[in-house]
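Remarks on the structure that follows.
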Amino acid sequence: MNEIWNLDPMYKGFDDPAFESDLTAAKEKLDALEALMGKLSDMEPARGLREGVQIQEEVTDLLGKLVQYSVLRQSANSKDAEAGSNVGRVMALYSRTAAPTAAFQDWAAKLPNLMELVMADEKLKNYAFLFRNMQEDVRYLLPGQGEEIMARMQLTGGNAWSDLQGYLTSTVPVSYNGGTTNLSSIRNLAHDADPAVRKAAFEAELQCYDRIKDAVAFALNSIKLETIHDCQLRGYESPLERVLKNSHMERATLDAMLSAMDEYLPKFWQYLKAKAKVLGHENGLPWYDLFAPMGASSTKFTAETARDFLVQLFNEFNPEEADMIAEAFDNAWIDFYPRDGKAGGAFCAGIESLGESRILTNFCGTFSDVVTLAHELGHAYHNSCIREHLPLNKDYSMPVAETASTFNECVVMAAAIEKAADQAEKLALIESQLQDATQIICDIYSRYRFESQVFANRETQFMDADTLSDMMLQAQKECYGDGLDHNALHPYMWVNKSHYYGPSFYNFPYAFGGLFARGLYAQCEKEGAAFVPKYKKLLYTTTVATAEDTAQVAGIDLTDKEFWRSALQMIADQIDLFCQLVEA
């Protein structure tokens, strides 16, 4: 089994003739797209719609493959200068799509009988959701060459600042135990069984941020101010409004979810204090013990045993997904282990040109790492469920993006807890699940509040590293309450988390996905095998419907606070069980 993913089915390298051939073809298609925009006003509308969609599909397929290959190469090794150069080349080309795409949207949205034309065409009617959104979103487009100018400026603006944060956090040296390691490896020690190791690793992590915090603060300030100005130019009330519109999600849904989370925060503080007491802490849990293992689950996994565990488990639930998981392991879809220069964390990228996905993790053999693999494989399964859609119908919004991934976590954890050999192992598994639940509720909520405050301040204030750290600590105190020791929090989470340097508010979607998936899993437990077709249909629907309409496939009203309460209550019941087990 390969330890590193195989990108050769895309291109053998940047010197592969196919790479240059596709680059040339993409340029030609872009030329044709730009030329078509100059002819649209003189064309018969139905023909203009068909030709515009056709050429955008071709551009999307070509550029998608070029961009994905370049970015994946860079993610695997941020020191890969060749990858860095080619990311710049293909992203510059990608920026050329902004102006003609905006021109097409503007022209199409203003057709008086747009939807009548769309529904009368066998192919175009598959894009009905896309065209309806064009009619809604056209008022936010920048006039003239504005879209292209903004896209080009982002290459040396927000995108460049994001690259800087990624480079600094993946290459910063961390002094630890008489040697030097990387940030991904040191953060993995938060799961170590030895409390002295966890604390020493945490202190080493905090110390390394001093080397890069000022540069990353400039990155964060610059990205957020660029976002504010972009939203103002387009006419959005705020960056959050833009995120919700792009997510096809109502503010009422977000408010219902956050309100329910507020109600349940004290329950999570109860869990944290109970864990702190077991570990010998009197004033709440210190940050470095958030991921301290409990119970007696000391099983270590290799890539091979993780494969066997996941394939066998999902074969019982959904054989189709089990087959995909086996393929991911056997055909080198996954880049497993941490190394210098490799991006931290984990992600999954759908490779439409191959009908496959690629997954990056920093696997160290813990059960938590297996859960992370299941999470990313959930994304891969989601990708497979939308593969039948046409090329312009394959983007799902941020909130629903975490549905399949978190659903997989529920499947893994429920099965593991049910099969636990004894109370000690059950405690370990439940506590592991509560760790993850606390992340998607308390930690995600703290990130949401922090980012909201950054946006509120940035237009009139540059926030230096110390100011950002103070804001981060305040957000953590509000969301973790007295569950954490306020003298041992993490002031530099804003440096570490790449989510702040990409799409705005890429935080609440994790809470959405985590709770939505739990609600779906509760249905799955009731309905058994009959639930699987409904689940596949729901995932398929995510790219062509609003979040609210997608949920209706399973009969769920997302604007109803009771749904979110029911999902949170599932976690609260586990907290009660955890407290009973530790008391025993």
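Chain labels follow the order of the structure tokens: the first chain is A, the next B, and so on; residue numbering restarts at 1 in every chain, and ligands are counted from 1 in their shown order.
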Where does DSSP see strand (DSSP E) in stretch 175-322 of chain A, if you list the residues as a PDB file with N, CA and C atoms, in the first residue's frame?
ATOM      1  N   SER A 175      11.166  23.545  18.176  1.00  0.00           N
ATOM      2  CA  SER A 175      12.189  22.962  19.058  1.00  0.00           C
ATOM      3  C   SER A 175      11.499  22.120  20.122  1.00  0.00           C
ATOM      4  N   TYR A 176      11.896  20.844  20.164  1.00  0.00           N
ATOM      5  CA  TYR A 176      11.233  19.943  21.109  1.00  0.00           C
ATOM      6  C   TYR A 176      12.154  18.799  21.481  1.00  0.00           C
ATOM      7  N   GLY A 179      15.570  18.413  19.975  1.00  0.00           N
ATOM      8  CA  GLY A 179      15.667  18.343  18.517  1.00  0.00           C
ATOM      9  C   GLY A 179      14.714  19.322  17.867  1.00  0.00           C
ATOM     10  N   THR A 180      14.483  19.131  16.571  1.00  0.00           N
ATOM     11  CA  THR A 180      13.594  20.003  15.817  1.00  0.00           C
ATOM     12  C   THR A 180      12.584  19.153  15.057  1.00  0.00           C
ATOM     13  N   THR A 181      11.337  19.566  15.120  1.00  0.00           N
ATOM     14  CA  THR A 181      10.287  18.864  14.395  1.00  0.00           C
ATOM     15  C   THR A 181       9.399  19.891  13.690  1.00  0.00           C
TER      16      THR A 181
END
Which residues of stretch 91-145 of chain A come within 12 Å of stretch 10-26 of chain A, and what is each one's closest atom pair and distance in Å (one decimal), counting only C-alpha atoms, sorted by chain and residue number, as a tab-separated table?
residue	atom	partner	partner_atom	distance
A:Met91	CA	A:Leu23	CA	11.3
A:Ala92	CA	A:Leu23	CA	11.5
A:Leu93	CA	A:Ala26	CA	8.2
A:Tyr94	CA	A:Ala26	CA	9.2
A:Arg96	CA	A:Ala26	CA	10.6
A:Thr97	CA	A:Ala26	CA	10.4
Selected residues written out with N, CA and C atoms, as an mmCIF file, in the first residue's frame:
data_model
loop_
_atom_site.group_PDB
_atom_site.id
_atom_site.type_symbol
_atom_site.label_atom_id
_atom_site.label_comp_id
_atom_site.auth_asym_id
_atom_site.auth_seq_id
_atom_site.Cartn_x
_atom_site.Cartn_y
_atom_site.Cartn_z
ATOM 1 N N MET A 91 -3.490 29.592 -11.831
ATOM 2 C CA MET A 91 -4.436 30.478 -11.172
ATOM 3 C C MET A 91 -4.580 31.795 -11.931
ATOM 4 N N ALA A 92 -3.500 32.238 -12.558
ATOM 5 C CA ALA A 92 -3.597 33.427 -13.406
ATOM 6 C C ALA A 92 -4.535 33.162 -14.583
ATOM 7 N N LEU A 93 -4.436 31.967 -15.135
ATOM 8 C CA LEU A 93 -5.331 31.593 -16.231
ATOM 9 C C LEU A 93 -6.767 31.480 -15.718
ATOM 10 N N TYR A 94 -6.912 30.885 -14.543
ATOM 11 C CA TYR A 94 -8.246 30.733 -13.954
ATOM 12 C C TYR A 94 -8.901 32.094 -13.731
ATOM 13 N N ARG A 96 -8.865 34.545 -15.538
ATOM 14 C CA ARG A 96 -9.451 35.043 -16.782
ATOM 15 C C ARG A 96 -10.911 34.612 -16.958
ATOM 16 N N THR A 97 -11.331 33.595 -16.227
ATOM 17 C CA THR A 97 -12.725 33.142 -16.359
ATOM 18 C C THR A 97 -13.702 34.117 -15.721
#
### Message
Give me the residues near A:Asp121 as number ranges by chain, where near means some atom within 12 Å (using only C-alpha atoms) and where sequence neighbours in that chain fewer than 6 positions away do not count.
### Response
A: 45-47, 49-50, 114-115, 127-128
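All residues of protein, DNA or RNA that reach within 8 Å of A:Leu473, judged by only C-alpha atoms and not counting those fewer than 4 positions away in the chain, are A:Ser469, A:Lys477, A:Leu489, A:His490, A:Pro491.
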Keeping all heavy atoms, export the residues of the selection given above as a short mmCIF file (atom, residue, chain, number, x, y, z; two decimals), in the first residue's frame.
data_model
loop_
_atom_site.label_atom_id
_atom_site.label_comp_id
_atom_site.auth_asym_id
_atom_site.auth_seq_id
_atom_site.Cartn_x
_atom_site.Cartn_y
_atom_site.Cartn_z
N SER A 469 -4.48 37.79 19.47
CA SER A 469 -4.41 36.75 20.51
C SER A 469 -5.37 37.04 21.65
O SER A 469 -6.04 36.13 22.17
CB SER A 469 -2.98 36.63 21.04
OG SER A 469 -2.11 36.14 20.03
N LYS A 477 -12.93 31.94 26.01
CA LYS A 477 -13.55 32.02 27.34
C LYS A 477 -15.08 32.01 27.23
O LYS A 477 -15.76 31.40 28.05
CB LYS A 477 -13.07 33.29 28.04
CG LYS A 477 -11.61 33.25 28.46
CD LYS A 477 -11.15 34.60 29.02
CE LYS A 477 -9.67 34.57 29.37
NZ LYS A 477 -9.19 35.90 29.85
N LEU A 489 -5.16 28.55 28.00
CA LEU A 489 -5.88 28.54 26.73
C LEU A 489 -4.89 28.61 25.57
O LEU A 489 -3.68 28.56 25.77
CB LEU A 489 -6.87 29.71 26.69
CG LEU A 489 -7.93 29.71 27.79
CD1 LEU A 489 -8.77 30.98 27.73
CD2 LEU A 489 -8.82 28.48 27.67
N HIS A 490 -5.41 28.71 24.34
CA HIS A 490 -4.54 28.72 23.15
C HIS A 490 -4.69 30.06 22.42
O HIS A 490 -5.60 30.23 21.61
CB HIS A 490 -4.92 27.58 22.21
CG HIS A 490 -3.88 27.26 21.18
ND1 HIS A 490 -3.23 28.23 20.43
CD2 HIS A 490 -3.35 26.07 20.76
CE1 HIS A 490 -2.38 27.66 19.60
NE2 HIS A 490 -2.42 26.36 19.79
N PRO A 491 -3.79 31.01 22.68
CA PRO A 491 -3.94 32.34 22.08
C PRO A 491 -3.63 32.40 20.59
O PRO A 491 -3.95 33.39 19.93
CB PRO A 491 -2.93 33.18 22.87
CG PRO A 491 -1.88 32.20 23.31
CD PRO A 491 -2.63 30.92 23.58
#
### Selection: 9 Å around A:Gly146, only C-alpha atoms, excl. self and same-chain fewer than 5 positions, as a PyMOL selection string
chain A and resi 98-99+141+151
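For A:Glu263, the residues within 12 Å (counting only C-alpha atoms, excluding itself and residues fewer than 3 positions away along the chain) are A:Ala256, A:Met257, A:Leu258, A:Ser259, A:Ala260, A:Pro266, A:Lys267, A:Phe268, A:Trp269, A:Ile441, A:Cys442, A:Cys479, A:Lys561, A:Glu562, A:Trp564, A:Arg565, A:Leu568, A:Gln569, A:Ala572.
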Output N, CA, C and O atoms of each residue in that selection to a file, as a PDB file, in the first residue's frame.
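Full text of part.pdb as output:
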ATOM      1  N   ALA A 256     -31.138  29.738  14.171  1.00  0.00           N
ATOM      2  CA  ALA A 256     -31.736  28.629  14.930  1.00  0.00           C
ATOM      3  C   ALA A 256     -30.650  27.711  15.475  1.00  0.00           C
ATOM      4  O   ALA A 256     -30.706  27.269  16.630  1.00  0.00           O
ATOM      5  N   MET A 257     -29.645  27.423  14.644  1.00  0.00           N
ATOM      6  CA  MET A 257     -28.566  26.535  15.072  1.00  0.00           C
ATOM      7  C   MET A 257     -27.738  27.171  16.183  1.00  0.00           C
ATOM      8  O   MET A 257     -27.465  26.537  17.220  1.00  0.00           O
ATOM      9  N   LEU A 258     -27.317  28.432  16.003  1.00  0.00           N
ATOM     10  CA  LEU A 258     -26.480  29.093  17.008  1.00  0.00           C
ATOM     11  C   LEU A 258     -27.237  29.279  18.320  1.00  0.00           C
ATOM     12  O   LEU A 258     -26.658  29.143  19.403  1.00  0.00           O
ATOM     13  N   SER A 259     -28.526  29.573  18.241  1.00  0.00           N
ATOM     14  CA  SER A 259     -29.326  29.734  19.450  1.00  0.00           C
ATOM     15  C   SER A 259     -29.398  28.422  20.241  1.00  0.00           C
ATOM     16  O   SER A 259     -29.268  28.405  21.468  1.00  0.00           O
ATOM     17  N   ALA A 260     -29.575  27.317  19.529  1.00  0.00           N
ATOM     18  CA  ALA A 260     -29.602  26.013  20.193  1.00  0.00           C
ATOM     19  C   ALA A 260     -28.225  25.686  20.788  1.00  0.00           C
ATOM     20  O   ALA A 260     -28.133  25.141  21.899  1.00  0.00           O
ATOM     21  N   PRO A 266     -23.376  25.022  28.331  1.00  0.00           N
ATOM     22  CA  PRO A 266     -23.061  24.552  29.687  1.00  0.00           C
ATOM     23  C   PRO A 266     -22.939  23.041  29.806  1.00  0.00           C
ATOM     24  O   PRO A 266     -22.209  22.535  30.678  1.00  0.00           O
ATOM     25  N   LYS A 267     -23.642  22.307  28.938  1.00  0.00           N
ATOM     26  CA  LYS A 267     -23.529  20.848  28.982  1.00  0.00           C
ATOM     27  C   LYS A 267     -22.123  20.420  28.588  1.00  0.00           C
ATOM     28  O   LYS A 267     -21.555  19.479  29.174  1.00  0.00           O
ATOM     29  N   PHE A 268     -21.527  21.096  27.626  1.00  0.00           N
ATOM     30  CA  PHE A 268     -20.158  20.788  27.215  1.00  0.00           C
ATOM     31  C   PHE A 268     -19.162  21.191  28.302  1.00  0.00           C
ATOM     32  O   PHE A 268     -18.151  20.518  28.497  1.00  0.00           O
ATOM     33  N   TRP A 269     -19.459  22.271  28.998  1.00  0.00           N
ATOM     34  CA  TRP A 269     -18.586  22.663  30.108  1.00  0.00           C
ATOM     35  C   TRP A 269     -18.618  21.594  31.208  1.00  0.00           C
ATOM     36  O   TRP A 269     -17.601  21.334  31.858  1.00  0.00           O
ATOM     37  N   ILE A 441     -18.638  22.209  18.361  1.00  0.00           N
ATOM     38  CA  ILE A 441     -19.543  23.131  19.053  1.00  0.00           C
ATOM     39  C   ILE A 441     -18.743  24.256  19.721  1.00  0.00           C
ATOM     40  O   ILE A 441     -18.769  25.400  19.273  1.00  0.00           O
ATOM     41  N   CYS A 442     -17.983  23.961  20.752  1.00  0.00           N
ATOM     42  CA  CYS A 442     -17.270  25.005  21.489  1.00  0.00           C
ATOM     43  C   CYS A 442     -16.176  25.659  20.648  1.00  0.00           C
ATOM     44  O   CYS A 442     -16.104  26.892  20.564  1.00  0.00           O
ATOM     45  N   CYS A 479     -16.924  30.660  24.856  1.00  0.00           N
ATOM     46  CA  CYS A 479     -17.499  29.424  24.313  1.00  0.00           C
ATOM     47  C   CYS A 479     -17.154  28.175  25.123  1.00  0.00           C
ATOM     48  O   CYS A 479     -17.903  27.210  25.115  1.00  0.00           O
ATOM     49  N   LYS A 561     -35.736  25.369  15.489  1.00  0.00           N
ATOM     50  CA  LYS A 561     -34.729  25.203  16.538  1.00  0.00           C
ATOM     51  C   LYS A 561     -34.799  23.826  17.181  1.00  0.00           C
ATOM     52  O   LYS A 561     -33.786  23.293  17.670  1.00  0.00           O
ATOM     53  N   GLU A 562     -35.968  23.225  17.166  1.00  0.00           N
ATOM     54  CA  GLU A 562     -36.126  21.916  17.799  1.00  0.00           C
ATOM     55  C   GLU A 562     -35.274  20.852  17.115  1.00  0.00           C
ATOM     56  O   GLU A 562     -34.819  19.912  17.768  1.00  0.00           O
ATOM     57  N   TRP A 564     -32.297  21.271  15.825  1.00  0.00           N
ATOM     58  CA  TRP A 564     -30.922  21.426  16.322  1.00  0.00           C
ATOM     59  C   TRP A 564     -30.835  20.990  17.778  1.00  0.00           C
ATOM     60  O   TRP A 564     -29.830  20.400  18.200  1.00  0.00           O
ATOM     61  N   ARG A 565     -31.872  21.275  18.555  1.00  0.00           N
ATOM     62  CA  ARG A 565     -31.882  20.807  19.944  1.00  0.00           C
ATOM     63  C   ARG A 565     -31.835  19.284  20.010  1.00  0.00           C
ATOM     64  O   ARG A 565     -31.146  18.709  20.856  1.00  0.00           O
ATOM     65  N   LEU A 568     -28.320  18.147  19.348  1.00  0.00           N
ATOM     66  CA  LEU A 568     -27.463  18.464  20.494  1.00  0.00           C
ATOM     67  C   LEU A 568     -27.776  17.570  21.688  1.00  0.00           C
ATOM     68  O   LEU A 568     -26.886  17.219  22.466  1.00  0.00           O
ATOM     69  N   GLN A 569     -29.041  17.187  21.823  1.00  0.00           N
ATOM     70  CA  GLN A 569     -29.412  16.320  22.935  1.00  0.00           C
ATOM     71  C   GLN A 569     -28.749  14.955  22.813  1.00  0.00           C
ATOM     72  O   GLN A 569     -28.443  14.314  23.829  1.00  0.00           O
ATOM     73  N   ALA A 572     -25.605  15.530  24.432  1.00  0.00           N
ATOM     74  CA  ALA A 572     -25.812  15.710  25.874  1.00  0.00           C
ATOM     75  C   ALA A 572     -26.017  14.366  26.574  1.00  0.00           C
ATOM     76  O   ALA A 572     -25.517  14.154  27.690  1.00  0.00           O
TER      77      ALA A 572
END
### Query
Excluding same-chain residues fewer than 3 positions from A:Leu429, what lies within 12 Å of it counting only C-alpha atoms, as a ChimeraX atom specification?
/A:293-299,366-368,371,409-410,412-426,432-436,574,577-578,581
Generate a file of the selected residues that holds N, CA, C and O atoms, formatted as a tab-separated table (two decimals), in the first residue's frame.
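Final output, selection-v2.tsv:
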chain	number	residue	atom	x	y	z
A	293	PRO	N	-6.11	11.17	25.96
A	293	PRO	CA	-6.90	9.93	25.86
A	293	PRO	C	-7.33	9.47	27.24
A	293	PRO	O	-6.62	9.66	28.23
A	294	MET	N	-8.50	8.86	27.30
A	294	MET	CA	-9.00	8.32	28.56
A	294	MET	C	-9.46	6.89	28.33
A	294	MET	O	-9.70	6.47	27.21
A	295	GLY	N	-9.60	6.17	29.41
A	295	GLY	CA	-10.01	4.78	29.29
A	295	GLY	C	-8.83	3.90	28.91
A	295	GLY	O	-7.68	4.23	29.15
A	296	ALA	N	-9.13	2.78	28.27
A	296	ALA	CA	-8.09	1.78	28.03
A	296	ALA	C	-7.99	1.40	26.56
A	296	ALA	O	-7.59	0.30	26.24
A	297	SER	N	-8.34	2.30	25.67
A	297	SER	CA	-8.23	2.00	24.24
A	297	SER	C	-6.87	2.44	23.74
A	297	SER	O	-6.65	3.60	23.43
A	298	SER	N	-5.94	1.50	23.73
A	298	SER	CA	-4.57	1.82	23.33
A	298	SER	C	-4.23	1.23	21.98
A	298	SER	O	-3.07	1.14	21.60
A	299	THR	N	-5.24	0.80	21.23
A	299	THR	CA	-5.01	0.18	19.93
A	299	THR	C	-4.33	1.15	18.98
A	299	THR	O	-4.75	2.31	18.84
A	366	THR	N	-3.49	6.60	15.66
A	366	THR	CA	-4.47	6.59	16.74
A	366	THR	C	-5.87	6.32	16.18
A	366	THR	O	-6.11	6.44	14.98
A	367	PHE	N	-6.78	5.97	17.08
A	367	PHE	CA	-8.17	5.79	16.65
A	367	PHE	C	-8.72	7.10	16.11
A	367	PHE	O	-9.53	7.11	15.17
A	368	SER	N	-8.31	8.22	16.70
A	368	SER	CA	-8.73	9.52	16.20
A	368	SER	C	-8.32	9.71	14.75
A	368	SER	O	-9.06	10.30	13.95
A	371	VAL	N	-10.76	7.93	12.61
A	371	VAL	CA	-11.98	8.73	12.48
A	371	VAL	C	-11.77	9.84	11.45
A	371	VAL	O	-12.67	10.13	10.64
A	409	GLU	N	-18.28	9.77	10.57
A	409	GLU	CA	-17.77	9.73	11.94
A	409	GLU	C	-18.79	9.07	12.87
A	409	GLU	O	-18.42	8.26	13.74
A	410	CYS	N	-20.06	9.41	12.69
A	410	CYS	CA	-21.11	8.80	13.53
A	410	CYS	C	-21.16	7.29	13.34
A	410	CYS	O	-21.30	6.53	14.31
A	412	VAL	N	-18.71	5.27	12.40
A	412	VAL	CA	-17.52	4.65	12.98
A	412	VAL	C	-17.62	4.61	14.50
A	412	VAL	O	-17.37	3.57	15.14
A	413	MET	N	-17.98	5.74	15.09
A	413	MET	CA	-18.00	5.80	16.55
A	413	MET	C	-19.11	4.93	17.14
A	413	MET	O	-18.90	4.25	18.15
A	414	ALA	N	-20.28	4.93	16.54
A	414	ALA	CA	-21.37	4.11	17.07
A	414	ALA	C	-21.00	2.63	17.05
A	414	ALA	O	-21.26	1.89	18.01
A	415	ALA	N	-20.40	2.20	15.95
A	415	ALA	CA	-20.01	0.79	15.84
A	415	ALA	C	-18.93	0.44	16.85
A	415	ALA	O	-18.96	-0.63	17.48
A	416	ALA	N	-17.95	1.32	17.01
A	416	ALA	CA	-16.86	1.05	17.93
A	416	ALA	C	-17.36	0.99	19.37
A	416	ALA	O	-16.93	0.12	20.14
A	417	ILE	N	-18.26	1.89	19.75
A	417	ILE	CA	-18.79	1.90	21.11
A	417	ILE	C	-19.62	0.63	21.37
A	417	ILE	O	-19.52	0.01	22.43
A	418	GLU	N	-20.42	0.23	20.39
A	418	GLU	CA	-21.25	-0.96	20.55
A	418	GLU	C	-20.40	-2.22	20.73
A	418	GLU	O	-20.77	-3.12	21.50
A	419	LYS	N	-19.24	-2.26	20.06
A	419	LYS	CA	-18.39	-3.45	20.12
A	419	LYS	C	-17.30	-3.36	21.19
A	419	LYS	O	-16.41	-4.21	21.23
A	420	ALA	N	-17.37	-2.32	22.03
A	420	ALA	CA	-16.33	-2.15	23.05
A	420	ALA	C	-16.25	-3.39	23.95
A	420	ALA	O	-17.27	-3.95	24.35
A	421	ALA	N	-15.03	-3.79	24.25
A	421	ALA	CA	-14.82	-5.03	25.01
A	421	ALA	C	-15.21	-4.88	26.47
A	421	ALA	O	-15.64	-5.84	27.10
A	422	ASP	N	-15.06	-3.68	27.04
A	422	ASP	CA	-15.37	-3.47	28.45
A	422	ASP	C	-15.68	-2.00	28.68
A	422	ASP	O	-15.67	-1.19	27.76
A	423	GLN	N	-15.96	-1.66	29.94
A	423	GLN	CA	-16.33	-0.29	30.28
A	423	GLN	C	-15.19	0.69	30.02
A	423	GLN	O	-15.42	1.83	29.63
A	424	ALA	N	-13.96	0.24	30.25
A	424	ALA	CA	-12.81	1.12	30.04
A	424	ALA	C	-12.68	1.50	28.57
A	424	ALA	O	-12.40	2.66	28.23
A	425	GLU	N	-12.88	0.52	27.70
A	425	GLU	CA	-12.80	0.82	26.27
A	425	GLU	C	-13.98	1.68	25.83
A	425	GLU	O	-13.82	2.59	25.01
A	426	LYS	N	-15.15	1.40	26.38
A	426	LYS	CA	-16.32	2.22	26.05
A	426	LYS	C	-16.09	3.67	26.46
A	426	LYS	O	-16.42	4.61	25.72
A	432	SER	N	-13.57	10.01	23.16
A	432	SER	CA	-13.03	10.43	21.87
A	432	SER	C	-14.10	11.13	21.04
A	432	SER	O	-13.84	12.16	20.39
A	433	GLN	N	-15.32	10.59	21.07
A	433	GLN	CA	-16.41	11.21	20.32
A	433	GLN	C	-16.78	12.57	20.92
A	433	GLN	O	-17.08	13.52	20.19
A	434	LEU	N	-16.72	12.67	22.24
A	434	LEU	CA	-17.02	13.96	22.88
A	434	LEU	C	-15.94	14.99	22.59
A	434	LEU	O	-16.23	16.19	22.50
A	435	GLN	N	-14.71	14.54	22.44
A	435	GLN	CA	-13.65	15.46	21.99
A	435	GLN	C	-14.05	16.11	20.68
A	435	GLN	O	-13.96	17.34	20.51
A	436	ASP	N	-14.45	15.27	19.73
A	436	ASP	CA	-14.81	15.78	18.40
A	436	ASP	C	-16.05	16.68	18.47
A	436	ASP	O	-16.11	17.73	17.82
A	574	GLN	N	-24.71	11.56	25.68
A	574	GLN	CA	-23.38	10.94	25.78
A	574	GLN	C	-22.56	11.57	26.91
A	574	GLN	O	-21.79	10.88	27.58
A	577	LEU	N	-23.64	9.97	30.06
A	577	LEU	CA	-23.07	8.63	30.17
A	577	LEU	C	-21.59	8.71	30.53
A	577	LEU	O	-21.10	7.93	31.36
A	578	PHE	N	-20.88	9.65	29.92
A	578	PHE	CA	-19.46	9.84	30.24
A	578	PHE	C	-19.28	10.16	31.71
A	578	PHE	O	-18.41	9.58	32.39
A	581	LEU	N	-19.69	7.10	33.79
A	581	LEU	CA	-18.56	6.17	33.67
A	581	LEU	C	-17.35	6.65	34.46
A	581	LEU	O	-16.68	5.84	35.12
### Message
Using only C-alpha atoms for the distances, tell me which of A:Val216, A:Leu254, A:Ala547, A:Leu558 is nearest to A:Leu240.
### Response
A:Leu254
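Proximity of A:Val87, A:Ala35, A:Ile430, A:Cys385 to A:Cys579, computed with only C-alpha atoms, is greatest for A:Ile430.
Distance check against A:Met493 using only C-alpha atoms: of A:Tyr480, A:Tyr209, A:Trp333, A:Phe131, the minimum falls on A:Tyr209.
Among A:Tyr445, A:Trp5, A:Phe336, A:Tyr540, the residue with the shortest atom-to-atom distance to A:Arg387, counting only C-alpha atoms, is A:Tyr540.
Closest to A:Met261 among A:Gly52, A:Gly514, A:Gly284, A:Gly166 is A:Gly514, based on only C-alpha atoms.
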## Note on the structure
atom CA of A:Arg211 to atom CA of A:Cys364 measures 26.1 Å
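Between atom CA of A:Pro195 and atom CA of A:Phe291 lies a distance of 10.5 Å.
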